[in-house]
Amino acid sequence: MVSTPIRIALLGRQGAGKGTQAMRISHHFAIAHISTGDMLRAAVRAGTPFGEKAKAYLQRGELVPDAVIVGVVAERLGEPDAKRRGFVLDGFPRTLHQAEALESILLPEGLGVVVNLEVPEWLVLERLASRRVCSVCGANYSVAMPPHVDWTCDVCGGEVVQRADDTEEAIRRRLAAYESATAPLIAFYEGRGLLETVDGVGDPEEVHERMLEALARHGIVGEAG
Ligand code: AP5
């Protein structure tokens, strides 16, 4: 039986839990988790030309130019796993131009649903201040949920540190960029009948259940066999 690929995009301000929920959704449906932030950080670590272009933007907490990111996402969406089973996009699109480019890339089907994770600003500030990540593989921890041994990653043994853009100044810039460039996408997708708003406050598992209910309203059901 040929099943239709699942195509999900997540919106939400920094720290709303897009990465946390995208990982769960990706496992649940066995679809690709495409995080532009992870792709950019991996490119910076690897010192590729793309990473070199992106590095300063990431450190300042500014958006990487559309022209740099759109091509990379288009290429990733063209890979066999994303084409066959589908994907959950985490951190893309973030501007109107990126949303329009994505529509062209995904012609003729387009996205199946866009989930906006809603979390108040005071709470995302708390979450980002306590976040810690593995400097090698990117695994996520927090001050409240550290790795088992002395800030050493449980997954790969790398050093667990504060993300370079989780400083107070960079967080302020990222949140400002969200309000001016990304928040308008809520109305954009609402106008296309694709938007689901999910309360992102609460235990990650509780939020995941709410996400599954929202996806089911758009016919996205079942789980990886
Ligand atoms: P990116 O990596 O996408 O970062 P971000 O948007 O700043 O998002 P975050 O990772 O901070 O938040 P999140 O919503 O994923 O939350 P998370 O699950 O990690 O982008 C980084 C940079 O790359 C950008 O600033 C930009 O420079 C560039 N970039 C990326 N995409 C781009 C694009 N399309 N165009 C241009 N530039 C681009 O959770 C945060 C913390 O909260 C974690 O510690 C987590 O454990 C915790 N947490 C999550 N959920 C819960 C919960 N329910 N309860 C308690 N704690 C929780």
# chains A, B, ... in the order shown; residues from 1 in each chain; ligands from 1
call {"tool": "residues_near_ligand", "arguments": {"ligand": "ligand 1", "cutoff": "7 Å", "atoms": "only C-alpha atoms and all ligand atoms", "output": "mmCIF file with C-alpha atoms, in the first residue's frame"}}
result
data_model
loop_
_atom_site.group_PDB
_atom_site.id
_atom_site.type_symbol
_atom_site.label_atom_id
_atom_site.label_comp_id
_atom_site.auth_asym_id
_atom_site.auth_seq_id
_atom_site.Cartn_x
_atom_site.Cartn_y
_atom_site.Cartn_z
ATOM 1 C CA GLY A 12 6.746 28.968 17.949
ATOM 2 C CA ARG A 13 9.068 31.389 19.627
ATOM 3 C CA GLN A 14 12.567 30.335 20.721
ATOM 4 C CA GLY A 15 12.328 27.863 23.586
ATOM 5 C CA ALA A 16 8.699 26.990 22.817
ATOM 6 C CA GLY A 17 9.775 23.350 22.497
ATOM 7 C CA LYS A 18 9.862 22.953 18.696
ATOM 8 C CA GLY A 19 12.993 20.777 18.809
ATOM 9 C CA THR A 20 11.711 18.711 21.741
ATOM 10 C CA GLN A 21 8.336 18.052 20.100
ATOM 11 C CA SER A 35 15.890 21.248 12.047
ATOM 12 C CA THR A 36 17.519 24.204 10.319
ATOM 13 C CA GLY A 37 19.171 25.199 13.619
ATOM 14 C CA ASP A 38 20.760 21.729 13.958
ATOM 15 C CA LEU A 40 23.440 25.194 10.757
ATOM 16 C CA TYR A 57 24.596 35.216 12.343
ATOM 17 C CA LEU A 58 24.092 32.345 14.784
ATOM 18 C CA GLY A 61 21.169 35.568 17.338
ATOM 19 C CA GLU A 62 20.196 36.966 13.928
ATOM 20 C CA LEU A 63 18.423 35.125 11.141
ATOM 21 C CA VAL A 64 20.665 33.691 8.454
ATOM 22 C CA PRO A 65 19.768 35.307 5.066
ATOM 23 C CA ASP A 66 16.902 33.588 3.213
ATOM 24 C CA ILE A 69 18.916 28.740 4.060
ATOM 25 C CA ASP A 90 11.634 22.586 12.986
ATOM 26 C CA GLY A 91 12.741 26.213 12.592
ATOM 27 C CA PHE A 92 11.735 26.638 8.947
ATOM 28 C CA PRO A 93 10.052 28.681 7.588
ATOM 29 C CA ARG A 94 10.806 31.769 9.676
ATOM 30 C CA ARG A 127 13.766 27.515 29.618
ATOM 31 C CA LEU A 128 16.533 29.045 27.497
ATOM 32 C CA SER A 130 18.551 26.695 31.914
ATOM 33 C CA ARG A 131 19.195 24.850 28.612
ATOM 34 C CA ARG A 132 22.511 23.009 28.146
ATOM 35 C CA ASN A 140 19.575 18.639 24.814
ATOM 36 C CA TYR A 141 19.785 18.925 28.635
ATOM 37 C CA SER A 142 18.851 21.513 31.220
ATOM 38 C CA ARG A 174 16.222 36.130 18.626
ATOM 39 C CA GLY A 200 3.109 24.345 24.783
ATOM 40 C CA VAL A 201 2.985 24.784 28.570
ATOM 41 C CA GLY A 202 3.280 21.613 30.633
ATOM 42 C CA ASP A 203 5.196 18.391 30.691
ATOM 43 C CA PRO A 204 6.741 17.530 27.260
ATOM 44 C CA VAL A 207 2.326 18.661 25.021
#
call {"tool": "select_by_dssp", "arguments": {"residues": "stretch 55-219 of chain A", "states": "strand (DSSP E or B)", "output": "list in words"}}
result
Gly86, Phe87, Val88, Leu89, Asp90, Val113, Val114, Val115, Asn116, Leu117, Glu118, Arg131, Arg132, Val133, Cys134, Asn140, Tyr141, Ser142, Val149, Thr152, Glu159, Val160, Val161, Leu195, Glu196, Thr197, Val198 and Asp199 of chain A
call {"tool": "residues_around", "arguments": {"residues": "A:Glu100", "least_positions_apart": "4", "cutoff": "12 Å", "atoms": "only C-alpha atoms", "output": "list in words"}}
result
Asp66, Val70, Phe92, Pro93, Arg94, Thr95, Leu96, Ser104, Ile105, Leu106, Leu107, Gly110, Leu111, Leu185, Phe188 and Tyr189 of chain A
call {"tool": "atom_distance", "arguments": {"atom1": "atom CA of A:Ala9", "atom2": "atom CA of A:Met39"}}
result
15.9 Å
call {"tool": "atom_distance", "arguments": {"atom1": "atom CA of A:Ala99", "atom2": "atom CA of A:Arg60"}}
result
23.2 Å
call {"tool": "residues_around", "arguments": {"residues": "A:Pro5", "least_positions_apart": "3", "cutoff": "9 Å", "atoms": "only C-alpha atoms", "output": "ChimeraX atom specification"}}
result
/A:31,82-87
call {"tool": "write_last_selection", "arguments": {"atoms": "N, CA and C atoms", "output": "JSON list (two decimals), in the first residue's frame"}}
result
[["chain", "number", "residue", "atom", "x", "y", "z"],
["A", 31, "ILE", "N", 9.25, 9.72, 10.56],
["A", 31, "ILE", "CA", 9.48, 10.68, 9.48],
["A", 31, "ILE", "C", 10.75, 11.49, 9.81],
["A", 82, "ALA", "N", 12.66, 12.02, 3.15],
["A", 82, "ALA", "CA", 11.66, 13.10, 3.27],
["A", 82, "ALA", "C", 10.59, 12.98, 2.18],
["A", 83, "LYS", "N", 10.99, 12.55, 1.01],
["A", 83, "LYS", "CA", 10.03, 12.44, -0.09],
["A", 83, "LYS", "C", 9.09, 11.25, 0.11],
["A", 84, "ARG", "N", 9.64, 10.16, 0.61],
["A", 84, "ARG", "CA", 8.85, 8.94, 0.70],
["A", 84, "ARG", "C", 7.90, 8.96, 1.90],
["A", 85, "ARG", "N", 8.44, 9.22, 3.11],
["A", 85, "ARG", "CA", 7.61, 9.12, 4.34],
["A", 85, "ARG", "C", 7.13, 10.48, 4.81],
["A", 86, "GLY", "N", 7.92, 11.54, 4.50],
["A", 86, "GLY", "CA", 7.54, 12.87, 4.94],
["A", 86, "GLY", "C", 8.50, 13.42, 5.98],
["A", 87, "PHE", "N", 8.08, 14.52, 6.65],
["A", 87, "PHE", "CA", 9.02, 15.24, 7.51],
["A", 87, "PHE", "C", 8.27, 16.11, 8.50]]
call {"tool": "atom_distance", "arguments": {"atom1": "atom CA of A:Gly219", "atom2": "atom CA of A:Pro108"}}
result
18.3 Å
call {"tool": "residues_around", "arguments": {"residues": "A:Leu11", "least_positions_apart": "2", "cutoff": "7 Å", "atoms": "only C-alpha atoms", "output": "list in words"}}
result
Ala9, Val115, Asn116 and Leu117 of chain A
call {"tool": "write_last_selection", "arguments": {"atoms": "C-alpha atoms", "output": "PDB file, in the first residue's frame"}}
result
ATOM      1  CA  ALA A   9       5.930  22.458  10.006  1.00  0.00           C
ATOM      2  CA  VAL A 115       1.450  23.669  14.357  1.00  0.00           C
ATOM      3  CA  ASN A 116       2.056  26.829  16.350  1.00  0.00           C
ATOM      4  CA  LEU A 117       3.372  25.968  19.826  1.00  0.00           C
TER       5      LEU A 117
END
call {"tool": "residues_around", "arguments": {"residues": "stretch 159-167 of chain A", "least_positions_apart": "4", "cutoff": "6 Å", "atoms": "only C-alpha atoms", "output": "PyMOL selection string"}}
result
chain A and resi 59+61+132-135+151-153+171
call {"tool": "closest_residue", "arguments": {"among": "A:Arg7, A:Arg172, A:Lys53, A:Arg45", "to": "A:Val124", "atoms": "only C-alpha atoms"}}
result
A:Arg172
call {"tool": "select_by_dssp", "arguments": {"residues": "stretch 8-219 of chain A", "states": "alpha helix (DSSP H)", "output": "PyMOL selection string"}}
result
chain A and resi 18-29+36-46+49-60+66-77+80-84+96-105+121-130+168-177+184-191+204-216
call {"tool": "decode", "arguments": {"residues": "stretch 152-165 of chain A", "atoms": "N, CA and C atoms", "output": "PDB file, in the first residue's frame"}}
result
ATOM      1  N   THR A 152      28.850  15.560  31.126  1.00  0.00           N
ATOM      2  CA  THR A 152      29.370  14.751  30.018  1.00  0.00           C
ATOM      3  C   THR A 152      28.173  14.100  29.341  1.00  0.00           C
ATOM      4  N   CYS A 153      28.086  14.251  28.014  1.00  0.00           N
ATOM      5  CA  CYS A 153      26.881  13.811  27.302  1.00  0.00           C
ATOM      6  C   CYS A 153      26.612  12.312  27.478  1.00  0.00           C
ATOM      7  N   ASP A 154      25.359  11.975  27.837  1.00  0.00           N
ATOM      8  CA  ASP A 154      24.956  10.572  27.999  1.00  0.00           C
ATOM      9  C   ASP A 154      25.022   9.833  26.667  1.00  0.00           C
ATOM     10  N   VAL A 155      24.850  10.566  25.558  1.00  0.00           N
ATOM     11  CA  VAL A 155      24.767   9.920  24.249  1.00  0.00           C
ATOM     12  C   VAL A 155      26.152   9.653  23.667  1.00  0.00           C
ATOM     13  N   CYS A 156      27.032  10.701  23.678  1.00  0.00           N
ATOM     14  CA  CYS A 156      28.298  10.540  22.941  1.00  0.00           C
ATOM     15  C   CYS A 156      29.536  10.839  23.777  1.00  0.00           C
ATOM     16  N   GLY A 157      29.333  11.272  25.034  1.00  0.00           N
ATOM     17  CA  GLY A 157      30.511  11.547  25.880  1.00  0.00           C
ATOM     18  C   GLY A 157      31.105  12.933  25.673  1.00  0.00           C
ATOM     19  N   GLY A 158      30.478  13.740  24.808  1.00  0.00           N
ATOM     20  CA  GLY A 158      30.967  15.105  24.567  1.00  0.00           C
ATOM     21  C   GLY A 158      30.711  16.020  25.766  1.00  0.00           C
ATOM     22  N   GLU A 159      31.322  17.215  25.722  1.00  0.00           N
ATOM     23  CA  GLU A 159      31.137  18.167  26.822  1.00  0.00           C
ATOM     24  C   GLU A 159      29.781  18.860  26.677  1.00  0.00           C
ATOM     25  N   VAL A 160      29.048  18.956  27.771  1.00  0.00           N
ATOM     26  CA  VAL A 160      27.738  19.612  27.743  1.00  0.00           C
ATOM     27  C   VAL A 160      27.913  21.055  28.217  1.00  0.00           C
ATOM     28  N   VAL A 161      27.470  21.996  27.366  1.00  0.00           N
ATOM     29  CA  VAL A 161      27.738  23.417  27.612  1.00  0.00           C
ATOM     30  C   VAL A 161      26.469  24.249  27.366  1.00  0.00           C
ATOM     31  N   GLN A 162      26.574  25.541  27.641  1.00  0.00           N
ATOM     32  CA  GLN A 162      25.475  26.449  27.298  1.00  0.00           C
ATOM     33  C   GLN A 162      25.602  26.796  25.811  1.00  0.00           C
ATOM     34  N   ARG A 163      24.473  26.849  25.076  1.00  0.00           N
ATOM     35  CA  ARG A 163      24.540  27.152  23.649  1.00  0.00           C
ATOM     36  C   ARG A 163      25.064  28.571  23.454  1.00  0.00           C
ATOM     37  N   ALA A 164      25.884  28.786  22.396  1.00  0.00           N
ATOM     38  CA  ALA A 164      26.520  30.098  22.200  1.00  0.00           C
ATOM     39  C   ALA A 164      25.485  31.214  22.054  1.00  0.00           C
ATOM     40  N   ASP A 165      24.283  30.872  21.535  1.00  0.00           N
ATOM     41  CA  ASP A 165      23.273  31.921  21.361  1.00  0.00           C
ATOM     42  C   ASP A 165      22.236  31.915  22.487  1.00  0.00           C
TER      43      ASP A 165
END
